[in-house]
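Data file: query.tsv. Format and content: TSV, C-alpha atoms and all ligand atoms.
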```tsv
chain	number	residue	atom	x	y	z
N	1	MET	CA	-50.79	-110.50	-34.45
N	2	SER	CA	-47.47	-110.50	-32.69
N	3	HIS	CA	-45.21	-107.68	-33.82
N	4	PHE	CA	-45.18	-104.32	-32.08
N	5	GLU	CA	-45.85	-102.30	-35.26
N	6	THR	CA	-48.71	-104.52	-36.41
N	7	ASN	CA	-50.48	-104.47	-33.05
N	8	ALA	CA	-50.10	-100.70	-32.77
N	9	ILE	CA	-51.84	-100.34	-36.14
N	10	ARG	CA	-54.34	-103.20	-36.23
N	11	ILE	CA	-55.76	-103.33	-32.69
N	12	SER	CA	-59.10	-101.57	-32.97
N	13	ASN	CA	-62.64	-101.53	-31.66
N	14	GLY	CA	-63.88	-103.08	-34.88
N	15	LYS	CA	-66.38	-101.53	-37.25
N	16	SER	CA	-69.70	-100.04	-36.22
N	17	ASN	CA	-72.74	-100.67	-38.42
N	18	GLN	CA	-71.50	-97.79	-40.64
N	19	ARG	CA	-68.56	-100.00	-41.86
N	20	GLU	CA	-66.02	-97.22	-41.37
N	21	HIS	CA	-62.32	-98.05	-41.90
N	22	SER	CA	-60.87	-95.56	-39.40
N	23	SER	CA	-62.13	-95.61	-35.80
N	24	PRO	CA	-64.74	-92.90	-35.19
N	25	ILE	CA	-64.74	-90.59	-32.16
N	26	TYR	CA	-67.28	-91.55	-29.51
N	27	LEU	CA	-67.76	-88.04	-28.18
N	28	THR	CA	-70.53	-88.88	-25.75
N	29	SER	CA	-70.80	-88.39	-22.00
N	30	SER	CA	-72.99	-91.43	-21.40
N	31	PHE	CA	-74.35	-94.58	-23.06
N	32	THR	CA	-77.95	-95.75	-23.28
N	33	PHE	CA	-79.50	-98.95	-21.92
N	34	GLU	CA	-82.05	-101.19	-23.62
N	35	SER	CA	-84.05	-101.50	-20.42
N	36	ALA	CA	-84.14	-100.75	-16.73
N	37	GLU	CA	-82.94	-104.31	-16.13
N	38	GLU	CA	-79.89	-103.85	-18.39
N	39	ALA	CA	-79.01	-100.65	-16.54
N	40	ARG	CA	-79.25	-102.50	-13.23
N	41	GLN	CA	-77.04	-105.35	-14.47
N	42	MET	CA	-74.33	-103.01	-15.78
N	43	PHE	CA	-74.20	-101.00	-12.59
N	44	ALA	CA	-74.00	-104.28	-10.64
N	45	ASP	CA	-71.07	-105.45	-12.87
N	46	GLU	CA	-73.14	-108.49	-13.87
N	47	ILE	CA	-72.67	-107.62	-17.54
N	48	GLU	CA	-69.96	-105.53	-19.18
N	49	GLY	CA	-70.62	-102.38	-21.11
N	50	ASN	CA	-70.09	-98.64	-21.27
N	51	ILE	CA	-72.12	-96.62	-18.80
N	52	TYR	CA	-70.60	-93.17	-18.54
N	53	SER	CA	-67.41	-91.70	-20.04
N	54	ARG	CA	-65.84	-91.03	-16.64
N	55	TYR	CA	-65.84	-94.84	-16.24
N	56	SER	CA	-65.05	-96.05	-19.76
N	57	ASN	CA	-65.35	-95.07	-23.41
N	58	PRO	CA	-64.59	-96.96	-26.65
N	59	ASN	CA	-61.85	-94.53	-27.73
N	60	LEU	CA	-60.07	-94.92	-24.39
N	61	ALA	CA	-60.52	-98.69	-24.56
N	62	GLU	CA	-58.85	-98.85	-27.97
N	63	LEU	CA	-55.90	-96.72	-26.86
N	64	ILE	CA	-55.47	-98.74	-23.65
N	65	GLU	CA	-55.53	-102.05	-25.51
N	66	LYS	CA	-52.82	-100.84	-27.90
N	67	VAL	CA	-50.56	-99.49	-25.18
N	68	CYS	CA	-51.03	-102.61	-23.00
N	69	SER	CA	-50.00	-104.75	-25.95
N	70	ALA	CA	-46.96	-102.52	-26.52
N	71	GLU	CA	-45.89	-102.67	-22.86
N	72	GLY	CA	-46.73	-106.35	-22.38
N	73	VAL	CA	-49.17	-105.73	-19.51
N	74	GLU	CA	-52.74	-106.83	-18.83
N	75	ASN	CA	-54.75	-103.68	-18.27
N	76	GLY	CA	-54.64	-99.94	-17.83
N	77	ILE	CA	-56.38	-96.61	-17.59
N	78	ALA	CA	-56.03	-93.43	-19.58
N	79	THR	CA	-55.96	-90.11	-17.72
N	80	ALA	CA	-56.28	-86.45	-18.68
N	81	SER	CA	-52.54	-85.76	-18.33
N	82	GLY	CA	-49.31	-87.46	-17.37
N	83	MET	CA	-49.47	-85.90	-13.92
N	84	ALA	CA	-52.96	-87.35	-13.33
N	85	ALA	CA	-51.36	-90.73	-14.07
N	86	MET	CA	-48.44	-90.15	-11.67
N	87	PHE	CA	-50.82	-88.91	-8.95
N	88	GLY	CA	-53.41	-91.63	-9.56
N	89	SER	CA	-50.89	-94.48	-9.48
N	90	MET	CA	-49.61	-93.36	-6.08
N	91	ALA	CA	-52.81	-92.08	-4.47
N	92	SER	CA	-54.79	-95.21	-5.36
N	93	LEU	CA	-52.25	-97.74	-4.12
N	94	LEU	CA	-50.95	-96.00	-0.98
N	95	GLN	CA	-52.44	-95.08	2.38
N	96	GLN	CA	-51.71	-92.72	5.20
N	97	GLY	CA	-48.45	-93.73	6.89
N	98	ASP	CA	-46.93	-95.36	3.79
N	99	HIS	CA	-43.52	-94.41	2.45
N	100	ILE	CA	-42.19	-94.13	-1.12
N	101	LEU	CA	-38.58	-94.72	-2.10
N	102	ALA	CA	-37.85	-92.82	-5.31
N	103	SER	CA	-34.93	-92.02	-7.59
N	104	ARG	CA	-33.81	-88.43	-7.02
N	105	SER	CA	-33.92	-87.40	-10.69
N	106	LEU	CA	-37.65	-87.02	-11.23
N	107	PHE	CA	-39.89	-84.91	-13.42
N	108	GLY	CA	-40.46	-81.53	-11.69
N	109	SER	CA	-44.16	-81.97	-10.85
N	110	THR	CA	-43.57	-85.54	-9.61
N	111	HIS	CA	-40.99	-84.06	-7.23
N	112	GLN	CA	-43.69	-81.59	-6.05
N	113	LEU	CA	-46.13	-84.49	-5.45
N	114	LEU	CA	-43.62	-86.33	-3.29
N	115	THR	CA	-42.32	-83.36	-1.33
N	116	LYS	CA	-45.41	-81.12	-0.99
N	117	VAL	CA	-48.68	-82.90	-1.83
N	118	PHE	CA	-48.45	-86.39	-0.33
N	119	PRO	CA	-46.93	-85.28	3.00
N	120	LYS	CA	-50.24	-83.45	3.62
N	121	TRP	CA	-51.87	-86.90	3.88
N	122	GLY	CA	-49.08	-88.56	5.82
N	123	ILE	CA	-47.41	-90.27	2.87
N	124	THR	CA	-43.69	-89.61	2.97
N	125	SER	CA	-40.79	-90.31	0.65
N	126	THR	CA	-37.02	-90.63	0.49
N	127	TYR	CA	-34.78	-90.11	-2.52
N	128	GLY	CA	-31.98	-92.43	-3.52
N	129	ASP	CA	-29.11	-91.46	-5.81
N	130	ILE	CA	-28.61	-93.52	-8.93
N	131	SER	CA	-24.84	-93.34	-8.44
N	132	ASP	CA	-25.23	-94.92	-5.00
N	133	ILE	CA	-27.56	-97.83	-5.66
N	134	ALA	CA	-25.64	-100.16	-3.32
N	135	ASN	CA	-26.92	-98.06	-0.40
N	136	TRP	CA	-30.63	-98.13	-1.25
N	137	GLU	CA	-31.13	-101.06	1.12
N	138	LYS	CA	-30.57	-98.59	3.96
N	139	LEU	CA	-33.30	-96.30	2.62
N	140	VAL	CA	-36.05	-98.92	2.89
N	141	GLN	CA	-38.22	-98.34	5.97
N	142	PRO	CA	-40.69	-100.76	7.59
N	143	ASN	CA	-43.53	-98.74	6.01
N	144	THR	CA	-41.99	-98.46	2.50
N	145	LYS	CA	-44.62	-99.64	0.00
N	146	MET	CA	-43.52	-98.27	-3.35
N	147	LEU	CA	-40.37	-97.87	-5.42
N	148	PHE	CA	-40.86	-95.09	-7.98
N	149	ILE	CA	-38.28	-94.53	-10.71
N	150	GLU	CA	-37.75	-92.75	-14.02
N	151	THR	CA	-35.27	-94.03	-16.59
N	152	PRO	CA	-33.80	-92.35	-18.60
N	153	SER	CA	-34.22	-89.42	-16.23
N	154	ASN	CA	-35.32	-85.95	-17.24
N	155	PRO	CA	-33.17	-84.03	-18.08
N	156	GLY	CA	-30.01	-85.70	-16.72
N	157	LEU	CA	-30.41	-88.86	-18.87
N	158	GLU	CA	-29.30	-91.10	-16.03
N	159	ILE	CA	-30.16	-94.78	-16.47
N	160	ILE	CA	-31.44	-97.05	-13.70
N	161	ASP	CA	-30.88	-100.78	-13.99
N	162	LEU	CA	-34.42	-102.12	-14.42
N	163	GLU	CA	-33.37	-105.70	-13.70
N	164	TRP	CA	-31.86	-104.54	-10.40
N	165	ALA	CA	-35.00	-102.48	-9.61
N	166	GLY	CA	-37.29	-105.44	-10.30
N	167	LYS	CA	-35.30	-107.70	-7.97
N	168	PHE	CA	-34.98	-105.01	-5.30
N	169	ALA	CA	-38.74	-104.39	-5.31
N	170	ALA	CA	-39.48	-108.12	-5.12
N	171	ALA	CA	-37.02	-108.64	-2.25
N	172	HIS	CA	-38.59	-105.84	-0.21
N	173	ASN	CA	-42.19	-106.45	-1.25
N	174	LEU	CA	-42.52	-103.02	-2.89
N	175	ILE	CA	-44.76	-101.98	-5.76
N	176	LEU	CA	-42.34	-100.97	-8.53
N	177	VAL	CA	-43.65	-98.03	-10.58
N	178	VAL	CA	-41.66	-96.92	-13.64
N	179	ASP	CA	-42.37	-93.66	-15.49
N	180	ASN	CA	-41.54	-94.85	-19.01
N	181	CYS	CA	-42.21	-91.54	-20.73
N	182	PHE	CA	-38.73	-90.90	-22.16
N	183	ALA	CA	-38.19	-94.37	-23.60
N	184	THR	CA	-41.74	-95.28	-24.73
N	185	PRO	CA	-42.74	-98.97	-24.90
N	186	TYR	CA	-41.03	-99.19	-28.29
N	187	LEU	CA	-37.58	-98.77	-26.72
N	188	GLN	CA	-38.08	-100.28	-23.26
N	189	GLN	CA	-40.68	-102.42	-21.51
N	190	PRO	CA	-40.25	-102.14	-17.74
N	191	ALA	CA	-42.82	-104.88	-17.00
N	192	LYS	CA	-40.38	-107.41	-18.51
N	193	TRP	CA	-37.97	-106.58	-15.70
N	194	GLY	CA	-40.57	-106.79	-12.94
N	195	ALA	CA	-42.28	-103.38	-12.87
N	196	HIS	CA	-45.79	-103.70	-11.45
N	197	ILE	CA	-47.03	-100.37	-12.77
N	198	VAL	CA	-45.83	-98.44	-15.83
N	199	THR	CA	-46.87	-94.81	-16.17
N	200	HIS	CA	-46.72	-92.44	-19.12
N	201	SER	CA	-47.15	-88.89	-20.05
N	202	ALA	CA	-48.78	-89.66	-23.43
N	203	THR	CA	-48.38	-85.94	-24.14
N	204	LYS	CA	-44.80	-86.61	-25.20
N	205	TYR	CA	-43.78	-89.29	-27.72
N	206	ILE	CA	-47.09	-91.13	-27.77
N	207	ASP	CA	-48.78	-88.04	-29.22
N	208	GLY	CA	-45.52	-87.03	-30.86
N	209	GLN	CA	-46.84	-83.88	-32.47
N	210	GLY	CA	-47.42	-81.56	-29.53
N	211	ARG	CA	-51.24	-81.55	-29.73
N	212	VAL	CA	-52.93	-83.16	-26.74
N	213	LEU	CA	-52.27	-83.97	-23.08
N	214	GLY	CA	-52.71	-87.51	-21.84
N	215	GLY	CA	-51.51	-90.01	-19.28
N	216	LEU	CA	-51.53	-93.78	-18.80
N	217	ILE	CA	-51.38	-96.13	-15.82
N	218	LEU	CA	-50.68	-99.72	-16.86
N	219	GLY	CA	-50.16	-102.97	-15.01
N	220	ASN	CA	-51.63	-106.29	-13.94
N	221	LYS	CA	-55.39	-106.77	-13.54
N	222	GLU	CA	-55.44	-106.70	-9.72
N	223	LEU	CA	-53.51	-103.46	-9.29
N	224	ILE	CA	-55.31	-101.75	-12.15
N	225	SER	CA	-58.68	-102.63	-10.66
N	226	GLU	CA	-57.64	-100.76	-7.49
N	227	VAL	CA	-56.48	-97.81	-9.60
N	228	THR	CA	-59.73	-97.95	-11.60
N	229	TYR	CA	-61.85	-97.70	-8.47
N	230	PHE	CA	-59.89	-94.54	-7.52
N	231	THR	CA	-59.98	-92.86	-10.94
N	232	ARG	CA	-63.67	-93.66	-11.55
N	233	HIS	CA	-64.62	-91.79	-8.43
N	234	THR	CA	-62.05	-88.99	-8.50
N	235	GLY	CA	-62.54	-88.25	-12.21
N	236	PRO	CA	-59.21	-87.59	-14.01
N	237	SER	CA	-60.58	-89.22	-17.21
N	238	MET	CA	-59.09	-88.57	-20.64
N	239	SER	CA	-61.29	-86.93	-23.26
N	240	PRO	CA	-62.48	-89.35	-26.00
N	241	PHE	CA	-61.10	-86.88	-28.56
N	242	ASN	CA	-57.63	-87.02	-27.01
N	243	ALA	CA	-57.82	-90.82	-26.84
N	244	TRP	CA	-58.69	-90.92	-30.55
N	245	VAL	CA	-55.69	-88.69	-31.39
N	246	LEU	CA	-53.38	-90.82	-29.24
N	247	SER	CA	-54.64	-94.11	-30.66
N	248	LYS	CA	-53.89	-92.78	-34.16
N	249	SER	CA	-50.46	-91.68	-32.94
N	250	MET	CA	-49.67	-95.18	-31.69
N	251	GLU	CA	-49.85	-96.33	-35.33
N	252	THR	CA	-46.70	-94.35	-36.13
N	253	LEU	CA	-44.85	-94.63	-32.80
N	254	ALA	CA	-42.30	-97.21	-34.00
N	255	LEU	CA	-41.59	-95.33	-37.20
N	256	ARG	CA	-41.22	-92.01	-35.41
N	257	MET	CA	-39.05	-93.40	-32.60
N	258	ASP	CA	-36.65	-94.97	-35.11
N	259	ARG	CA	-36.14	-91.57	-36.72
N	260	HIS	CA	-35.99	-89.65	-33.42
N	261	CYS	CA	-33.28	-92.07	-32.25
N	262	ASP	CA	-31.32	-91.90	-35.52
N	263	ASN	CA	-31.40	-88.11	-35.57
N	264	ALA	CA	-30.45	-87.90	-31.90
N	265	LEU	CA	-27.52	-90.32	-32.22
N	266	LYS	CA	-26.21	-88.52	-35.32
N	267	SER	CA	-26.52	-85.13	-33.61
N	268	ALA	CA	-24.88	-86.39	-30.41
N	269	LYS	CA	-21.96	-87.88	-32.35
N	270	TYR	CA	-21.53	-84.69	-34.37
N	271	PHE	CA	-21.37	-82.42	-31.32
N	272	GLN	CA	-19.16	-84.77	-29.30
N	273	GLU	CA	-16.12	-83.02	-30.77
N	274	SER	CA	-17.42	-79.44	-30.35
N	275	LYS	CA	-15.07	-77.03	-28.57
N	276	ASP	CA	-18.08	-75.03	-27.36
N	277	LEU	CA	-19.30	-77.88	-25.17
N	278	GLU	CA	-18.04	-79.42	-21.96
N	279	PHE	CA	-19.67	-82.65	-23.10
N	280	VAL	CA	-22.69	-84.18	-24.84
N	281	LYS	CA	-24.80	-86.76	-23.05
N	282	TYR	CA	-26.83	-89.44	-24.84
N	283	PRO	CA	-27.55	-92.98	-23.59
N	284	PHE	CA	-26.20	-94.63	-26.77
N	285	LEU	CA	-22.93	-92.65	-26.89
N	286	GLU	CA	-20.00	-94.75	-25.66
N	287	SER	CA	-19.00	-91.84	-23.43
N	288	HIS	CA	-22.27	-92.14	-21.44
N	289	PRO	CA	-21.32	-93.55	-18.00
N	290	GLN	CA	-24.08	-96.19	-18.28
N	291	TYR	CA	-23.73	-96.97	-21.97
N	292	GLU	CA	-23.62	-100.76	-21.41
N	293	LEU	CA	-26.70	-100.67	-19.21
N	294	ALA	CA	-28.58	-98.51	-21.72
N	295	LYS	CA	-27.74	-101.04	-24.44
N	296	LYS	CA	-28.97	-103.87	-22.25
N	297	GLN	CA	-32.43	-102.49	-21.51
N	298	MET	CA	-33.17	-100.10	-24.40
N	299	LYS	CA	-33.59	-100.85	-28.09
N	300	ALA	CA	-32.09	-97.43	-28.99
N	301	GLY	CA	-31.06	-94.30	-27.12
N	302	GLY	CA	-34.24	-92.20	-27.38
N	303	GLY	CA	-34.79	-88.73	-28.78
N	304	ILE	CA	-33.30	-86.53	-26.07
N	305	ILE	CA	-29.70	-85.35	-25.84
N	306	THR	CA	-28.14	-82.84	-23.49
N	307	LEU	CA	-25.59	-80.29	-24.62
N	308	ASN	CA	-23.49	-79.00	-21.75
N	309	LEU	CA	-22.30	-75.57	-22.89
N	310	LYS	CA	-19.14	-73.93	-21.64
N	311	GLY	CA	-19.92	-70.54	-20.10
N	312	GLY	CA	-22.92	-71.24	-17.84
N	313	ILE	CA	-26.35	-69.64	-17.81
N	314	HIS	CA	-25.44	-66.55	-19.83
N	315	ARG	CA	-23.97	-68.57	-22.68
N	316	ALA	CA	-26.86	-71.06	-22.61
N	317	GLN	CA	-29.44	-68.26	-22.94
N	318	LYS	CA	-27.46	-66.57	-25.72
N	319	PHE	CA	-27.33	-69.91	-27.54
N	320	ILE	CA	-31.10	-70.31	-27.30
N	321	ASP	CA	-31.72	-66.77	-28.52
N	322	ASN	CA	-29.64	-67.46	-31.62
N	323	LEU	CA	-31.52	-70.54	-32.80
N	324	GLN	CA	-33.38	-69.96	-36.07
N	325	MET	CA	-35.54	-73.08	-36.42
N	326	ILE	CA	-35.57	-75.06	-33.17
N	327	SER	CA	-38.48	-74.13	-30.88
N	328	ILE	CA	-38.17	-72.76	-27.34
N	329	THR	CA	-41.01	-74.50	-25.51
N	330	PRO	CA	-41.30	-76.80	-22.50
N	331	ASN	CA	-42.66	-79.85	-24.35
N	332	LEU	CA	-40.58	-82.76	-25.67
N	333	GLY	CA	-41.05	-85.73	-27.97
N	334	ASP	CA	-42.54	-83.57	-30.73
N	335	SER	CA	-41.87	-83.92	-34.46
N	336	ARG	CA	-40.36	-80.42	-34.15
N	337	SER	CA	-37.00	-80.09	-32.39
N	338	ILE	CA	-37.20	-78.26	-29.07
N	339	VAL	CA	-34.70	-76.80	-26.62
N	340	THR	CA	-35.12	-75.97	-22.96
N	341	HIS	CA	-32.72	-74.58	-20.37
N	342	PRO	CA	-33.69	-76.46	-17.18
N	343	ALA	CA	-31.54	-74.38	-14.76
N	344	SER	CA	-33.48	-71.17	-15.54
N	345	THR	CA	-36.92	-72.74	-16.20
N	346	THR	CA	-38.24	-76.21	-15.24
N	347	HIS	CA	-35.70	-76.74	-12.45
N	348	SER	CA	-35.23	-73.13	-11.32
N	349	LYS	CA	-37.02	-73.81	-8.03
N	350	LEU	CA	-34.36	-76.28	-6.98
N	351	THR	CA	-31.27	-74.94	-5.23
N	352	GLN	CA	-27.95	-74.97	-7.11
N	353	GLU	CA	-26.86	-77.92	-4.96
N	354	GLU	CA	-30.07	-79.87	-5.64
N	355	ARG	CA	-29.62	-79.26	-9.36
N	356	GLU	CA	-26.04	-80.47	-9.33
N	357	ARG	CA	-27.06	-83.65	-7.54
N	358	VAL	CA	-29.30	-84.54	-10.46
N	359	GLY	CA	-26.76	-83.51	-13.09
N	360	ILE	CA	-28.28	-80.17	-14.12
N	361	THR	CA	-25.39	-77.82	-14.70
N	362	ASP	CA	-25.90	-74.11	-15.47
N	363	GLY	CA	-24.90	-74.67	-19.10
N	364	LEU	CA	-27.11	-77.72	-19.69
N	365	ILE	CA	-29.43	-77.50	-22.68
N	366	ARG	CA	-32.01	-80.24	-23.21
N	367	LEU	CA	-32.50	-80.88	-26.90
N	368	SER	CA	-35.53	-82.93	-27.91
N	369	VAL	CA	-34.40	-84.00	-31.35
N	370	GLY	CA	-37.29	-83.85	-33.80
N	371	LEU	CA	-38.06	-85.40	-37.16
N	372	GLU	CA	-36.73	-82.58	-39.37
N	373	HIS	CA	-33.77	-83.50	-41.62
N	374	VAL	CA	-30.87	-84.15	-39.27
N	375	ASP	CA	-28.55	-81.83	-41.25
N	376	ASP	CA	-30.90	-78.90	-40.63
N	377	ILE	CA	-31.04	-79.65	-36.89
N	378	ILE	CA	-27.24	-79.86	-36.67
N	379	GLN	CA	-26.80	-76.71	-38.72
N	380	ASP	CA	-29.16	-74.69	-36.49
N	381	VAL	CA	-27.39	-75.84	-33.31
N	382	GLU	CA	-23.94	-75.25	-34.78
N	383	SER	CA	-24.66	-71.74	-35.96
N	384	ALA	CA	-26.27	-70.76	-32.61
N	385	LEU	CA	-23.21	-72.16	-30.79
N	386	GLU	CA	-20.94	-69.98	-32.96
N	387	LYS	CA	-23.05	-66.86	-32.44
N	388	SER	CA	-23.12	-67.39	-28.67
N	389	ARG	CA	-19.33	-67.31	-28.33
N	401	LIG	C1	-44.11	-84.47	-19.07
N	401	LIG	C2	-43.78	-85.51	-18.09
N	401	LIG	C3	-44.70	-85.83	-17.07
N	401	LIG	C4	-46.01	-85.10	-16.88
N	401	LIG	O1	-46.88	-85.29	-17.94
N	401	LIG	P1	-48.02	-84.23	-18.39
N	401	LIG	O2	-48.66	-84.91	-19.53
N	401	LIG	O3	-47.31	-82.96	-18.73
N	401	LIG	O4	-48.92	-84.04	-17.21
N	401	LIG	C5	-44.33	-86.84	-16.19
N	401	LIG	N1	-43.15	-87.49	-16.30
N	401	LIG	C6	-42.26	-87.20	-17.25
N	401	LIG	C7	-40.97	-87.95	-17.32
N	401	LIG	C8	-42.54	-86.20	-18.19
N	401	LIG	O5	-41.64	-85.90	-19.14
```
Could you render the structure from this file as C-alpha cells?
Amino acid sequence: MSHFETNAIRISNGKSNQREHSSPIYLTSSFTFESAEEARQMFADEIEGNIYSRYSNPNLAELIEKVCSAEGVENGIATASGMAAMFGSMASLLQQGDHILASRSLFGSTHQLLTKVFPKWGITSTYGDISDIANWEKLVQPNTKMLFIETPSNPGLEIIDLEWAGKFAAAHNLILVVDNCFATPYLQQPAKWGAHIVTHSATKYIDGQGRVLGGLILGNKELISEVTYFTRHTGPSMSPFNAWVLSKSMETLALRMDRHCDNALKSAKYFQESKDLEFVKYPFLESHPQYELAKKQMKAGGGIITLNLKGGIHRAQKFIDNLQMISITPNLGDSRSIVTHPASTTHSKLTQEERERVGITDGLIRLSVGLEHVDDIIQDVESALEKSR
C-alpha cells in the first residue's frame, strides 16, 4: 500500500475472531492477562500488549498508524483534545529554564500556554514575526530548545517557509514542532521539511463533521517515547470511541479536503471583486503575499478564507447576523460552513495592536468553507454582505 487514500482506508487492526468488516470499538478500561507471569512481562516491557487504556488501546493504535502513514512519521500518540497535544508536546520535551521560539500568529490557547502557563514553571518564550524571518537568528537564546510554528496561521492565513524552518531548527539544534491543523497531512507534510514533531487538533478536519475532540502528537520513535512516558503518567488519553470516529474520518479525509479546497478557492475568487470587501485572503489566490510559497509546500490552499469587510466591527457583526445558512460557531473544518469574527470573540483578549500584528483587522471574518454546494455558500455570503451595507 503506498497511496495516501489507500492507506487511510485500508490500515486497520485486522479482524477479531468475529470476522467483522468494520473495526469495532474497544470500549474497555483495561485488558486481561493469561497469567501472573504474562502480566509481569507486559509491565516490564518484555512483551508487547495492551494493559490499560490510559497507556494504549486498539482504536487509538489504528488511528495513530493511519495518521503516521499520512504524515510520513514513525510513531505518535492520540490525546483527548488538540490542546492536550500542544501542551504534551512541549511539557514532555522541555525542562525548567528552557526557552521556546514561536511564530507570533498562534492559536489562542497555545498563546495562553506560552505566555501564562509555562512561565509558572520557568519555561519562557519569544515570538518572531513571519514578515521578519531574517531577524529570527537574533531571537535564539543559549537556552532555546524548541521552535514552534503554525502554518497556515489561524486566522491570518500567513505561511511560514517549512524548508527554511527545518534548516533553521537544524542549524540551532532546536526541536521543530509544527501545528499542522489547518493544512492536514493531505495538503502538507511538515516532517518532509525537517519537522521533528507534528501536532494536530483532530477536532477540525480530521473529524470533519464537528462531533468529537481529539489531538495528535507525531514524530520519530525517540521523541515520541519521551512524550509517551509523559502522557502515560499525566493521563490526557483519547477516548476509544473518539479514536474510532476519527479513524473512520481518516477514510474520507482526502475526498473531503479536495472539496473543501475547491469550494474555498471558488468562493475566494468570486469575492475577490466584491466592493464590500477590503480584500479576500486565501493561500492559493495569486494576491496572497506568499502565494508562491504556499504552492511550494501545500497541495492546495485549504478550506479557510478570510473576508476583510469594509466598515469594521459593526459591519462584520451585521454581516454575521444576516447569514441564513452558514453557522456561527467557533469550530472549523466541518462539513458545514462556519463564520467567526475573531476581533470580538477568539482574539478579543488581545489588544488592538497585538491583533494588528497578526493580521486580525476589525472587519476580518474567518470563513471555514464547508462541503455544501459552493453556489449556496456564495449566495448566503453575498446576500448577507448586501444586507449589512
Ligand atoms: C482548534 C485548534 C487547536 C486546539 O485544538 P482543540 O481540539 O480545540 O483542543 C490548536 N491549534 C489550532 C491551529 C487549532 O485550530
Write out, as a tab-separated table, each residue of region 107-201 of chain N that has an atom at most 9 Å from region 216-230 of chain N, together with the closest pair of atoms and their distance in Å to one decimal, counting all atoms listed in the file, rows going by chain and rising number.
```
residue	atom	partner	partner_atom	distance
N:Ala191	CA	N:Gly219	CA	7.8
N:Ala195	CA	N:Gly219	CA	8.2
N:His196	CA	N:Gly219	CA	5.7
N:Ile197	CA	N:Gly219	CA	4.6
N:Val198	CA	N:Leu218	CA	5.1
N:Thr199	CA	N:Ile217	CA	4.7
N:His200	CA	N:Leu216	CA	5.0
N:Ser201	CA	N:Leu216	CA	6.7
```
Distance CA of Gly14 (chain N)-CA of Asn59 (chain N), one decimal place?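 Separation of CA of Gly14 (chain N) and CA of Asn59 (chain N): 11.3 Å.
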Residues at most 12 Å from Arg10 (chain N), counting only C-alpha atoms, excluding those fewer than 6 positions away in the same chain, as a VMD selection string? chain N and resid 1 to 4 21 to 23 62 to 63 65 to 66 69 247 to 248 250 to 252
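Residues in contact with ligand LIG 401 (chain N) comprise Ala80, Ser81, Gly82, Met83, Ala84, Ala85, Met86, Leu106, Phe107, Gly108, Ser109, Thr110, Glu150, Ser153, Asn154, Asp179, Asn180, Cys181, Phe182, His200, Ser201, Ala202, Thr203, Lys204, Leu213, Gly214, Gly215, Asn331 and Leu332 of chain N, where contact means an atom-to-atom distance of at most 8 Å counting only C-alpha atoms and all ligand atoms.
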Using only C-alpha atoms, which protein or nucleic acid residues come within 10 Å of Glu386 (chain N)? Drop anything in the same chain fewer than 2 positions from it, and give the result as a PyMOL selection string. chain N and resi 276+319+322+381-384+388-389
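Minimum atom-to-atom distances from N:Gln297, N:Thr79, N:Gln95, N:Gln317 to Ala183 (chain N) were compared using all atoms listed in the file, and the lowest value belongs to N:Gln297.
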Dump as a PyMOL selection string all residues having an atom at most 9 Å from (-47.2, -92.6, -0.9), computed in the file's coordinates with only C-alpha atoms. chain N and resi 90-91+93-101+114+118-119+121-125+144-146
Do a neighbour search on Val212 (chain N) at 8 Å with all atoms listed in the file, toss out local chain neighbours closer than 5 positions, and write the hits as number ranges by chain. N: 203, 207, 242, 245
Would you kindly return, as a list in words, each protein, DNA or RNA residue with an atom no farther than 8 Å from any atom of Tyr186 (chain N), considering all atoms listed in the file and excluding same-chain residues fewer than 2 positions away? Phe4, Ala70, Ala183, Thr184, Gln188, Gln189, Leu253, Ala254, Met257 and Lys299 of chain N
For region 118-125 of chain N, where the input has fewer atoms than it should, I would like N, CA, C and O atoms rebuilt and written as an mmCIF file, in the coordinates of the input.
```cif
data_model
loop_
_atom_site.group_PDB
_atom_site.id
_atom_site.type_symbol
_atom_site.label_atom_id
_atom_site.label_comp_id
_atom_site.auth_asym_id
_atom_site.auth_seq_id
_atom_site.Cartn_x
_atom_site.Cartn_y
_atom_site.Cartn_z
ATOM 1 N N PHE N 118 -48.190 -85.184 -1.130
ATOM 2 C CA PHE N 118 -48.450 -86.390 -0.330
ATOM 3 C C PHE N 118 -48.156 -86.237 1.169
ATOM 4 O O PHE N 118 -48.871 -86.830 1.995
ATOM 5 N N PRO N 119 -47.140 -85.451 1.551
ATOM 6 C CA PRO N 119 -46.930 -85.280 3.000
ATOM 7 C C PRO N 119 -48.154 -84.721 3.726
ATOM 8 O O PRO N 119 -48.361 -85.001 4.898
ATOM 9 N N LYS N 120 -49.013 -83.970 3.004
ATOM 10 C CA LYS N 120 -50.240 -83.450 3.620
ATOM 11 C C LYS N 120 -51.127 -84.571 4.139
ATOM 12 O O LYS N 120 -51.930 -84.381 5.041
ATOM 13 N N TRP N 121 -51.026 -85.752 3.499
ATOM 14 C CA TRP N 121 -51.870 -86.900 3.880
ATOM 15 C C TRP N 121 -51.043 -87.992 4.562
ATOM 16 O O TRP N 121 -51.435 -89.169 4.572
ATOM 17 N N GLY N 122 -49.881 -87.607 5.062
ATOM 18 C CA GLY N 122 -49.080 -88.560 5.820
ATOM 19 C C GLY N 122 -48.372 -89.615 4.990
ATOM 20 O O GLY N 122 -47.998 -90.663 5.501
ATOM 21 N N ILE N 123 -48.201 -89.355 3.707
ATOM 22 C CA ILE N 123 -47.410 -90.270 2.870
ATOM 23 C C ILE N 123 -46.064 -89.592 2.610
ATOM 24 O O ILE N 123 -46.014 -88.490 2.075
ATOM 25 N N THR N 124 -45.008 -90.241 3.043
ATOM 26 C CA THR N 124 -43.690 -89.610 2.970
ATOM 27 C C THR N 124 -42.815 -90.307 1.931
ATOM 28 O O THR N 124 -43.178 -91.371 1.417
ATOM 29 N N SER N 125 -41.677 -89.696 1.635
ATOM 30 C CA SER N 125 -40.790 -90.310 0.650
ATOM 31 C C SER N 125 -39.341 -89.999 0.959
ATOM 32 O O SER N 125 -39.035 -89.065 1.691
#
```
